[in-house]
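Data first, discussion second: the structure below is written as structure tokens.
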Number of protein chains: 2
Amino acid sequence: MSDGVDIDFGEDGLVPAVAQDADSGEVLMLAYVDAEALAATRETGLAHYHSRSRDELWQKGGSSGHVQRVEEVRVDCDADALLYVVEQEGGACHTGYESCFHRTVDGEVVGERAFDPDEVYDD
Amino acid sequence: MSDGVDIDFGEDGLVPAVAQDADSGEVLMLAYVDAEALAATRETGLAHYHSRSRDELWQKGGSSGHVQRVEEVRVDCDADALLYVVEQEGGACHTGYESCFHRTVDGEVVGERAFDPDEVYDD
């Protein structure tokens with residue numbers, strides 16, 4: 001990455017990363033990425049994030065099978081946010097919706113169901 | 001908002017907010033929102049954020065005229081990230097591109113120019 005963009009990971013070593021569906025353009029989720037997760041994403045072509053709650057590298061879909069194949073990684077003008085353009089297997093949200101952004105702030109459900117979470121997750 | 005979603009603004013009082021073009025689906029930018037900015041957005045229908053560098057309420061396009069008319073505000077499953085679905089006037093990025101995410105992490109420009117920043121900004 002000698003000719004690449006120098007990402008500003010900030011004080012906590014994390015940048016927010018938005019995942020967008022390459023086909024539909026739908027914004028699927030937002031999670032956080034550190035240098036390790038970005039490197040793993042670029043090496044494998046599968047979206048990796050850093051779980052803040054578990055403080056560990058997290059491959060999206062590692063347990064559910066709902067992986068994200070990354071077509072392109074973009075960076076914003078300030079180099080402190082990323083955009084993963086992905087092919088989403090199944091649905092992005094653990095609730096069974098295609099997108100984690102399936103509700104308005106008023107609580108109205110506007111997203112589409114992709115799968116039944118009871119059939120995917122053990123807990 | 002008594003029947004709305006209770007947003008988790010976290011320790012610093014901020015959540016990341018993604019702005020997406022309502023027509024093209026393009027992811028335009030990522031910035032941060034506090035309770036005041038969300039309230040201003042909902043009251044005016046124009047996207048407001050909280051500037052972390054200036055520590056103040058910031059109406060997108062307040063100086064450039066490149067406002068964002070908000071069609072819908074969505075919240076993610078954890079209620080700690082927002083999605084503004086917007087009609088973008090001009091371009092979202094101060095560099096003149098439609099989107100702040102106009103580069104890959106390798107530095108390749110993949111976005112479209114929307115305006116000449118020298119004609120919009122004084123500095």
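Residues in the structure tokens are named by chain (A, B, ... in the order shown) and by number from 1 within that chain; ligands are numbered from 1 in the order shown.
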Applying 7 Å and only C-alpha atoms, which residues near Val15 (chain A) remain after dropping the ones on its own chain fewer than 4 positions away? List them as a short mmCIF file (atom, residue, chain, number, x, y, z; two decimals) with N, CA, C and O atoms, in the first residue's frame.
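What follows is the written file result-v5.cif:
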data_model
loop_
_atom_site.label_atom_id
_atom_site.label_comp_id
_atom_site.auth_asym_id
_atom_site.auth_seq_id
_atom_site.Cartn_x
_atom_site.Cartn_y
_atom_site.Cartn_z
N PHE A 9 -6.58 6.30 11.62
CA PHE A 9 -7.32 5.42 12.53
C PHE A 9 -7.64 6.08 13.88
O PHE A 9 -8.33 5.50 14.70
N TYR A 32 -16.96 -1.09 12.85
CA TYR A 32 -15.67 -0.42 13.03
C TYR A 32 -14.52 -1.30 12.55
O TYR A 32 -14.61 -2.54 12.63
N VAL A 33 -13.50 -0.65 12.05
CA VAL A 33 -12.37 -1.34 11.43
C VAL A 33 -11.08 -0.77 12.00
O VAL A 33 -10.94 0.46 12.13
N ASP A 34 -10.16 -1.66 12.36
CA ASP A 34 -8.81 -1.23 12.72
C ASP A 34 -7.85 -1.68 11.61
O ASP A 34 -8.28 -2.27 10.60
N ASP A 80 -10.82 9.14 7.27
CA ASP A 80 -11.18 8.62 8.59
C ASP A 80 -12.52 7.88 8.59
O ASP A 80 -13.17 7.74 9.63
N ALA A 81 -12.92 7.39 7.42
CA ALA A 81 -14.09 6.53 7.31
C ALA A 81 -13.92 5.68 6.04
O ALA A 81 -13.31 6.13 5.07
#
Discussion item. Should the cut-off be 9 Å, what would the residue list for chain B against chain A look like, counting only C-alpha atoms, as a PyMOL selection string?
Written reply: chain B and resi 1-7+16+18+20+24-27+29-30+72-79+81-83+93-95+99-108+110
Using only C-alpha atoms, the shortest atom-to-atom distance to Gly13 (chain B) among B:Ala35, B:Ser63, B:Glu112, B:Asp118 belongs to B:Ala35
* Give me every strand (DSSP E) residue in region 79-122 of chain B, going by DSSP on the backbone, as a list in words. => Leu82, Leu83, Tyr84, Val85, Val86, Glu87, Gln88, Arg103 and Thr104 of chain B
- prompt: Near Lys60 (chain A), counting only C-alpha atoms, which residues have an atom at most 9 Å away, once you skip same-chain residues fewer than 3 positions from it, shown as a list of chain:residue names?
  reply: A:Leu46, A:Ala47, A:His48, A:Tyr49, A:Ser63, A:Ser64, A:Gly65, A:His66, A:Val67, A:Gln68, A:Ala92
Using backbone DSSP assignments, extract all helix (DSSP H, G or I) residues from chain A; output them as a list in words. Ala35, Glu36, Ala37, Leu38, Ala39, Ala40, Thr41, Arg42, Glu43, Thr44, Pro117, Asp118 and Glu119 of chain A
Keeping N, CA and C atoms for every residue in the selection just given, could you write it to a file as a PDB file, in the first residue's frame?
ATOM      1  N   ALA A  35      -6.566  -1.426  11.803  1.00  0.00           N
ATOM      2  CA  ALA A  35      -5.597  -1.758  10.752  1.00  0.00           C
ATOM      3  C   ALA A  35      -5.584  -3.257  10.472  1.00  0.00           C
ATOM      4  N   GLU A  36      -5.724  -4.052  11.530  1.00  0.00           N
ATOM      5  CA  GLU A  36      -5.737  -5.509  11.369  1.00  0.00           C
ATOM      6  C   GLU A  36      -6.941  -5.961  10.537  1.00  0.00           C
ATOM      7  N   ALA A  37      -8.107  -5.400  10.819  1.00  0.00           N
ATOM      8  CA  ALA A  37      -9.322  -5.791  10.098  1.00  0.00           C
ATOM      9  C   ALA A  37      -9.253  -5.358   8.638  1.00  0.00           C
ATOM     10  N   LEU A  38      -8.708  -4.177   8.400  1.00  0.00           N
ATOM     11  CA  LEU A  38      -8.574  -3.716   7.015  1.00  0.00           C
ATOM     12  C   LEU A  38      -7.619  -4.621   6.247  1.00  0.00           C
ATOM     13  N   ALA A  39      -6.511  -4.980   6.879  1.00  0.00           N
ATOM     14  CA  ALA A  39      -5.541  -5.866   6.223  1.00  0.00           C
ATOM     15  C   ALA A  39      -6.173  -7.229   5.917  1.00  0.00           C
ATOM     16  N   ALA A  40      -6.936  -7.765   6.880  1.00  0.00           N
ATOM     17  CA  ALA A  40      -7.582  -9.071   6.685  1.00  0.00           C
ATOM     18  C   ALA A  40      -8.618  -8.997   5.564  1.00  0.00           C
ATOM     19  N   THR A  41      -9.325  -7.870   5.488  1.00  0.00           N
ATOM     20  CA  THR A  41     -10.308  -7.676   4.429  1.00  0.00           C
ATOM     21  C   THR A  41      -9.632  -7.673   3.062  1.00  0.00           C
ATOM     22  N   ARG A  42      -8.536  -6.960   2.973  1.00  0.00           N
ATOM     23  CA  ARG A  42      -7.857  -6.842   1.679  1.00  0.00           C
ATOM     24  C   ARG A  42      -7.184  -8.157   1.287  1.00  0.00           C
ATOM     25  N   GLU A  43      -6.703  -8.887   2.273  1.00  0.00           N
ATOM     26  CA  GLU A  43      -6.006 -10.145   1.969  1.00  0.00           C
ATOM     27  C   GLU A  43      -6.975 -11.243   1.542  1.00  0.00           C
ATOM     28  N   THR A  44      -8.144 -11.274   2.177  1.00  0.00           N
ATOM     29  CA  THR A  44      -9.080 -12.377   1.943  1.00  0.00           C
ATOM     30  C   THR A  44     -10.195 -12.031   0.970  1.00  0.00           C
ATOM     31  N   PRO A 117     -33.835 -15.530  11.523  1.00  0.00           N
ATOM     32  CA  PRO A 117     -32.673 -15.655  12.398  1.00  0.00           C
ATOM     33  C   PRO A 117     -32.692 -16.913  13.268  1.00  0.00           C
ATOM     34  N   ASP A 118     -33.880 -17.435  13.560  1.00  0.00           N
ATOM     35  CA  ASP A 118     -33.950 -18.640  14.395  1.00  0.00           C
ATOM     36  C   ASP A 118     -33.336 -19.850  13.694  1.00  0.00           C
ATOM     37  N   GLU A 119     -33.247 -19.771  12.370  1.00  0.00           N
ATOM     38  CA  GLU A 119     -32.685 -20.894  11.616  1.00  0.00           C
ATOM     39  C   GLU A 119     -31.193 -20.725  11.376  1.00  0.00           C
TER      40      GLU A 119
END
Mind giving me the straight-line distance from CA of Glu71 (chain A) to CA of Glu98 (chain A) in Å, one decimal?
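For CA of Glu71 (chain A) relative to CA of Glu98 (chain A), the distance reads 18.1 Å.
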